[in-house]
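Visitor: If it helps, the file is called input.pdb and holds PDB, C-alpha atoms:
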ATOM      1  CA  MET A   1      -5.653 -30.462  -1.927
ATOM      2  CA  LYS A   2      -3.019 -32.415  -3.848
ATOM      3  CA  ASN A   3      -4.994 -32.368  -7.066
ATOM      4  CA  GLU A   4      -5.352 -28.579  -6.889
ATOM      5  CA  LEU A   5      -1.628 -28.296  -6.250
ATOM      6  CA  LEU A   6      -0.858 -30.388  -9.321
ATOM      7  CA  ILE A   7      -3.196 -28.438 -11.605
ATOM      8  CA  LEU A   8      -1.819 -25.107 -10.387
ATOM      9  CA  HIS A   9       1.686 -26.437 -10.988
ATOM     10  CA  GLU A  10       0.785 -27.361 -14.569
ATOM     11  CA  LEU A  11      -0.798 -23.943 -15.195
ATOM     12  CA  ALA A  12       2.260 -22.237 -13.642
ATOM     13  CA  GLN A  13       4.608 -24.146 -15.943
ATOM     14  CA  LYS A  14       2.631 -23.064 -18.981
ATOM     15  CA  LEU A  15       2.620 -19.434 -17.824
ATOM     16  CA  ARG A  16       6.349 -19.558 -17.048
ATOM     17  CA  ASN A  17       7.216 -21.088 -20.440
ATOM     18  CA  GLU A  18       5.291 -18.336 -22.170
ATOM     19  CA  ARG A  19       6.992 -15.701 -20.040
ATOM     20  CA  PHE A  20      10.493 -16.884 -20.922
ATOM     21  CA  LYS A  21       9.513 -17.332 -24.563
ATOM     22  CA  ARG A  22       8.687 -13.620 -24.550
ATOM     23  CA  GLY A  23      12.147 -12.711 -23.277
ATOM     24  CA  SER A  24      11.828 -12.642 -19.505
ATOM     25  CA  ILE A  25      15.108 -13.091 -17.635
ATOM     26  CA  SER A  26      15.369 -15.304 -14.571
ATOM     27  CA  PHE A  27      17.450 -13.726 -11.819
ATOM     28  CA  GLU A  28      16.624 -16.475  -9.361
ATOM     29  CA  ARG A  29      19.343 -18.635  -7.937
ATOM     30  CA  ASP A  30      18.994 -21.821  -5.929
ATOM     31  CA  GLU A  31      19.231 -21.134  -2.221
ATOM     32  CA  VAL A  32      20.934 -23.620   0.042
ATOM     33  CA  LYS A  33      19.806 -24.213   3.599
ATOM     34  CA  PHE A  34      21.303 -26.699   6.028
ATOM     35  CA  ASP A  35      19.649 -28.587   8.867
ATOM     36  CA  ILE A  36      22.306 -28.917  11.534
TER      37      ILE A  36
ATOM     38  CA  MET B  37      18.826 -13.497  23.024
ATOM     39  CA  LYS B  38      22.045 -14.764  21.559
ATOM     40  CA  PRO B  39      24.853 -12.161  21.410
ATOM     41  CA  ARG B  40      25.654 -13.101  17.833
ATOM     42  CA  TRP B  41      22.088 -12.434  16.776
ATOM     43  CA  HIS B  42      22.311  -9.052  18.463
ATOM     44  CA  ALA B  43      25.533  -8.357  16.592
ATOM     45  CA  ILE B  44      23.912  -9.119  13.250
ATOM     46  CA  LEU B  45      20.975  -6.827  14.026
ATOM     47  CA  ALA B  46      23.346  -4.040  15.101
ATOM     48  CA  GLU B  47      25.590  -4.474  12.056
ATOM     49  CA  PHE B  48      22.683  -4.053   9.649
ATOM     50  CA  GLY B  49      20.850  -1.449  11.703
ATOM     51  CA  LEU B  50      17.855  -3.707  12.268
ATOM     52  CA  PRO B  51      15.319  -3.077  15.027
ATOM     53  CA  TYR B  52      15.080  -5.804  17.630
ATOM     54  CA  ARG B  53      11.876  -4.971  19.434
ATOM     55  CA  PHE B  54       8.686  -2.983  19.202
ATOM     56  CA  SER B  55       7.879  -0.231  21.672
ATOM     57  CA  LYS B  56       5.467  -1.153  24.445
ATOM     58  CA  GLU B  57       2.918   1.278  23.004
ATOM     59  CA  THR B  58       3.096  -0.294  19.546
ATOM     60  CA  ILE B  59       2.580  -3.781  20.971
ATOM     61  CA  GLN B  60      -0.328  -2.582  23.135
ATOM     62  CA  ASN B  61      -1.868  -0.931  20.109
ATOM     63  CA  ALA B  62      -1.578  -4.163  18.106
ATOM     64  CA  GLU B  63      -2.973  -6.239  20.980
ATOM     65  CA  ALA B  64      -6.038  -3.981  21.043
ATOM     66  CA  ILE B  65      -6.911  -4.651  17.395
ATOM     67  CA  SER B  66     -10.015  -6.853  17.196
ATOM     68  CA  ASP B  67      -9.760 -10.058  15.193
ATOM     69  CA  LYS B  68     -13.540 -10.425  15.017
ATOM     70  CA  ILE B  69     -14.961 -10.534  11.524
ATOM     71  CA  THR B  70     -18.388  -8.887  11.349
ATOM     72  CA  GLU B  71     -21.344  -9.508   9.015
ATOM     73  CA  THR B  72     -20.587  -6.182   7.359
ATOM     74  CA  ASP B  73     -16.962  -7.175   6.757
ATOM     75  CA  VAL B  74     -18.173 -10.337   5.035
ATOM     76  CA  SER B  75     -20.955  -8.720   3.023
ATOM     77  CA  ASN B  76     -18.513  -6.302   1.372
ATOM     78  CA  ARG B  77     -16.270  -9.091   0.166
ATOM     79  CA  ARG B  78     -16.222 -11.884  -2.354
ATOM     80  CA  ASP B  79     -16.498 -15.138  -0.423
ATOM     81  CA  PHE B  80     -13.884 -17.803  -1.217
ATOM     82  CA  ARG B  81     -14.303 -19.834   1.959
ATOM     83  CA  ASP B  82     -15.797 -22.860   0.197
ATOM     84  CA  ILE B  83     -13.197 -22.930  -2.578
ATOM     85  CA  PRO B  84     -10.146 -25.216  -2.194
ATOM     86  CA  THR B  85      -7.369 -22.988  -0.813
ATOM     87  CA  PHE B  86      -3.882 -23.589   0.581
ATOM     88  CA  THR B  87      -0.620 -21.879   1.527
ATOM     89  CA  ILE B  88       2.973 -22.879   0.792
ATOM     90  CA  ASP B  89       5.773 -21.510   2.982
ATOM     91  CA  PRO B  90       9.114 -22.556   4.451
ATOM     92  CA  GLU B  91       8.871 -25.299   7.074
ATOM     93  CA  ASP B  92       9.687 -22.912   9.911
ATOM     94  CA  ALA B  93       7.428 -20.066   8.726
ATOM     95  CA  LYS B  94       5.033 -18.454  11.185
ATOM     96  CA  ASP B  95       3.538 -15.866   8.884
ATOM     97  CA  PHE B  96       1.569 -17.424   6.023
ATOM     98  CA  ASP B  97       1.043 -14.234   4.094
ATOM     99  CA  ASP B  98      -0.360 -15.521   0.827
ATOM    100  CA  ALA B  99      -2.608 -18.324  -0.325
ATOM    101  CA  LEU B 100      -3.703 -19.914  -3.592
ATOM    102  CA  SER B 101      -7.156 -21.177  -4.511
ATOM    103  CA  LEU B 102      -8.394 -23.170  -7.458
ATOM    104  CA  GLN B 103     -11.746 -24.239  -8.786
ATOM    105  CA  LYS B 104     -13.054 -25.527 -12.056
ATOM    106  CA  LEU B 105     -15.820 -23.303 -13.413
ATOM    107  CA  PRO B 106     -18.991 -24.605 -15.109
ATOM    108  CA  ASP B 107     -17.672 -23.208 -18.413
ATOM    109  CA  GLY B 108     -14.634 -25.500 -18.168
ATOM    110  CA  ASN B 109     -12.148 -22.764 -17.334
ATOM    111  CA  TRP B 110     -10.009 -22.593 -14.194
ATOM    112  CA  GLU B 111     -10.427 -19.897 -11.590
ATOM    113  CA  VAL B 112      -7.113 -19.218  -9.867
ATOM    114  CA  GLY B 113      -7.105 -16.974  -6.813
ATOM    115  CA  VAL B 114      -3.975 -15.359  -5.378
ATOM    116  CA  HIS B 115      -4.794 -14.088  -1.905
ATOM    117  CA  ILE B 116      -2.771 -11.860   0.378
ATOM    118  CA  ALA B 117      -3.756 -10.913   3.911
ATOM    119  CA  ASP B 118      -5.652  -7.616   3.937
ATOM    120  CA  VAL B 119      -3.454  -5.861   6.471
ATOM    121  CA  THR B 120      -5.119  -2.530   5.709
ATOM    122  CA  HIS B 121      -8.300  -3.799   7.341
ATOM    123  CA  TYR B 122      -6.467  -3.951  10.666
ATOM    124  CA  VAL B 123      -3.660  -1.391  10.471
ATOM    125  CA  LYS B 124      -4.973   2.119  10.038
ATOM    126  CA  PRO B 125      -2.904   4.934   8.492
ATOM    127  CA  GLY B 126      -0.963   6.897  11.101
ATOM    128  CA  SER B 127      -1.421   4.301  13.874
ATOM    129  CA  LEU B 128       1.670   3.162  15.783
ATOM    130  CA  PRO B 129       1.998  -0.195  13.969
ATOM    131  CA  ASP B 130       1.666   1.706  10.674
ATOM    132  CA  VAL B 131       4.340   4.270  11.542
ATOM    133  CA  GLU B 132       6.685   1.528  12.770
ATOM    134  CA  ALA B 133       6.035  -0.607   9.661
ATOM    135  CA  ARG B 134       6.933   2.355   7.420
ATOM    136  CA  GLU B 135      10.227   2.629   9.299
ATOM    137  CA  ARG B 136      10.948  -1.119   8.953
ATOM    138  CA  ALA B 137       9.599  -1.483   5.398
ATOM    139  CA  THR B 138       9.909  -5.279   5.466
ATOM    140  CA  SER B 139      10.206  -8.331   7.666
ATOM    141  CA  VAL B 140      13.774  -9.583   7.816
ATOM    142  CA  TYR B 141      14.293 -13.336   7.720
ATOM    143  CA  LEU B 142      17.470 -14.502   9.419
ATOM    144  CA  VAL B 143      18.450 -18.154   9.589
ATOM    145  CA  ASP B 144      16.627 -18.978  12.803
ATOM    146  CA  ARG B 145      14.796 -15.764  13.593
ATOM    147  CA  THR B 146      12.545 -13.251  11.967
ATOM    148  CA  VAL B 147      12.424  -9.536  12.601
ATOM    149  CA  PRO B 148       8.804  -8.899  11.636
ATOM    150  CA  MET B 149       7.576  -5.691  10.041
ATOM    151  CA  LEU B 150       4.418  -5.819  12.162
ATOM    152  CA  PRO B 151       3.933  -6.905  15.783
ATOM    153  CA  GLU B 152       3.453 -10.640  16.197
ATOM    154  CA  ARG B 153      -0.264 -10.444  16.885
ATOM    155  CA  LEU B 154      -0.644  -9.132  13.342
ATOM    156  CA  SER B 155       2.105 -10.951  11.451
ATOM    157  CA  ASN B 156       1.740 -14.379  13.070
ATOM    158  CA  ASN B 157      -1.906 -14.382  14.097
ATOM    159  CA  ILE B 158      -4.501 -12.044  12.625
ATOM    160  CA  CYS B 159      -2.819 -11.610   9.223
ATOM    161  CA  SER B 160      -1.364 -15.115   8.944
ATOM    162  CA  LEU B 161      -3.506 -17.249   6.631
ATOM    163  CA  ARG B 162      -3.619 -20.252   8.919
ATOM    164  CA  PRO B 163      -5.736 -23.256   7.930
ATOM    165  CA  ASN B 164      -9.403 -23.478   8.954
ATOM    166  CA  GLU B 165      -9.619 -19.817   9.962
ATOM    167  CA  ASP B 166     -11.662 -17.156   8.188
ATOM    168  CA  LYS B 167      -9.256 -14.510   6.901
ATOM    169  CA  LEU B 168      -9.779 -11.163   5.224
ATOM    170  CA  CYS B 169      -7.698 -10.824   2.071
ATOM    171  CA  PHE B 170      -6.920  -8.778  -0.978
ATOM    172  CA  SER B 171      -7.068 -11.029  -4.003
ATOM    173  CA  ALA B 172      -6.186 -11.267  -7.649
ATOM    174  CA  VAL B 173      -8.492 -13.745  -9.370
ATOM    175  CA  PHE B 174      -7.795 -15.033 -12.856
ATOM    176  CA  LYS B 175      -9.892 -17.117 -15.171
ATOM    177  CA  LEU B 176      -7.607 -19.339 -17.256
ATOM    178  CA  ASN B 177      -8.297 -21.860 -19.975
ATOM    179  CA  ASP B 178      -6.477 -25.199 -20.241
ATOM    180  CA  LYS B 179      -3.630 -23.533 -22.138
ATOM    181  CA  ALA B 180      -3.188 -21.127 -19.191
ATOM    182  CA  GLU B 181      -4.373 -18.205 -21.292
ATOM    183  CA  ILE B 182      -6.020 -15.523 -19.185
ATOM    184  CA  VAL B 183      -9.673 -15.143 -20.106
ATOM    185  CA  ASN B 184     -10.688 -12.756 -17.330
ATOM    186  CA  GLU B 185      -9.243 -11.067 -14.247
ATOM    187  CA  TRP B 186     -10.650  -9.550 -11.079
ATOM    188  CA  PHE B 187      -9.019  -7.711  -8.173
ATOM    189  CA  GLY B 188     -10.641  -6.923  -4.848
ATOM    190  CA  ARG B 189     -11.397  -7.677  -1.237
ATOM    191  CA  THR B 190     -12.260 -11.236  -0.231
ATOM    192  CA  ILE B 191     -12.734 -13.568   2.690
ATOM    193  CA  ILE B 192     -10.958 -16.920   2.489
ATOM    194  CA  LYS B 193     -10.384 -20.046   4.556
ATOM    195  CA  SER B 194      -7.262 -22.053   3.897
ATOM    196  CA  ASP B 195      -7.781 -25.818   3.900
ATOM    197  CA  ARG B 196      -4.167 -26.736   4.284
ATOM    198  CA  ARG B 197      -0.723 -25.387   4.995
ATOM    199  CA  PHE B 198       2.034 -26.950   2.891
ATOM    200  CA  SER B 199       5.730 -26.542   3.553
ATOM    201  CA  TYR B 200       7.901 -26.365   0.436
ATOM    202  CA  PRO B 201       9.208 -29.932   0.911
ATOM    203  CA  GLU B 202       5.641 -31.223   1.397
ATOM    204  CA  ALA B 203       4.429 -29.466  -1.733
ATOM    205  CA  GLN B 204       7.388 -30.772  -3.716
ATOM    206  CA  LYS B 205       6.800 -34.299  -2.446
ATOM    207  CA  SER B 206       3.117 -34.142  -3.390
ATOM    208  CA  LEU B 207       3.955 -32.982  -6.891
ATOM    209  CA  ILE B 208       6.501 -35.724  -7.427
ATOM    210  CA  GLN B 209       4.076 -38.379  -6.141
ATOM    211  CA  GLU B 210       1.153 -37.126  -8.206
ATOM    212  CA  GLN B 211       3.247 -36.860 -11.330
ATOM    213  CA  GLY B 212       4.569 -40.358 -10.762
ATOM    214  CA  ILE B 213       8.185 -39.315 -11.309
TER     215      ILE B 213
END
Can the structure from this file be put into structure tokens for me?
Guide:
Amino acid sequence: MKNELLILHELAQKLRNERFKRGSISFERDEVKFDI
Amino acid sequence: MKPRWHAILAEFGLPYRFSKETIQNAEAISDKITETDVSNRRDFRDIPTFTIDPEDAKDFDDALSLQKLPDGNWEVGVHIADVTHYVKPGSLPDVEARERATSVYLVDRTVPMLPERLSNNICSLRPNEDKLCFSAVFKLNDKAEIVNEWFGRTIIKSDRRFSYPEAQKSLIQEQGI
């Protein structure tokens, strides 16, 4: 399954680059979670 | 149940349990998949499929599939559990879900939108189980340009459940970073 994961990741990066090139705004922020 | 958890639920007006009737109703829903169910759906069970969710997740509500097509393009499937197959309009779980609108994820607990039999069992896309889904299927070329798209009902079988850290680790290893 790792190969599929990697290919999907590469496709996702290409799609995301294109999206931001066209003016999309990222509202996402890193979320922090602690293991205590 | 911890008092502090109760306090958080009360503060935000969150429900903390389902009525007995709603749970009974959900328990009575059959998880059997019939020949007819299968014949009306596009079959993705033999295509590599996986889910990625937080480590502590119990509801795996969406899955991804990928296969290389004979024409050299990629077929990417985005699959979400077909809850409508199990929850009928106007039924108790439906009415309650409308009221709740969403599952609420607290740090160590979840207040699910649907009773656990649905959210964590029947409609959770657990590995090696046949699952009815609604899917968006895209045909992409190597530049990730969409060549074709299809939306509809499917049956899938996840091969693997990744947690986010596992998926991240796999990517880093495979990329040799």
Visitor: Evaluating the PyMOL selection byres ((chain A) within 10 of (chain B)) on the displayed file yields which residues, as an MDAnalysis selection string?
Guide: chainID A and resid 1:16 18 33:34
Visitor: For Tyr200 of chain B, work out the shell of residues within 6 Å, counting all atoms listed in the file and skipping chain neighbours fewer than 2 positions away, then give it as a list in words.
Guide: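 Within the cut-off, the hits are Asp89, Pro90, Glu202 and Ala203 of chain B.
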Visitor: In terms of the shortest atom-to-atom distance over all atoms listed in the file, which of B:Ile158, B:Ala99, B:Val173, B:Val140 is closest to Glu63 of chain B?
Guide: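 Under the stated criterion, the closest residue is B:Ile158.
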Visitor: How many Å lie between atom CA of Asn157 of chain B and atom CA of Gly188 of chain B, rounded to one decimal?
Guide: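 Separation of atom CA of Asn157 of chain B and atom CA of Gly188 of chain B: 22.2 Å.
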Visitor: Give me, please, the distance in Å between atom CA of Lys167 of chain B and atom CA of Phe96 of chain B, quoted to one decimal.
Guide: 11.2 Å
Visitor: So what do you get for atom CA of Asp98 of chain B versus atom CA of Ile65 of chain B, distance-wise?
Guide: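 Interatomic distance, atom CA of Asp98 of chain B to atom CA of Ile65 of chain B: 20.9 Å.
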Visitor: Please write as a PyMOL selection string the full residue list that the PyMOL selection byres ((chain B and resi 171) around 6) yields on this file.
Guide: chain B and resi 114-115+170+172+187-188
Visitor: Between B:Tyr141, B:Phe80, B:Phe54, B:Phe48, which residue has the minimum interatomic distance to Cys169 of chain B, considering all atoms listed in the file?
Guide: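 Selected residue with least distance to Cys169 of chain B: B:Phe80.
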Visitor: Excluding segment 123-127 of chain B and any residue of its chain fewer than 3 positions from it, enumerate the residues within 9 Å of it, using all atoms listed in the file, and give them as an MDAnalysis selection string.
Guide: chainID B and resid 58 61:62 65 119:120 130:132 154
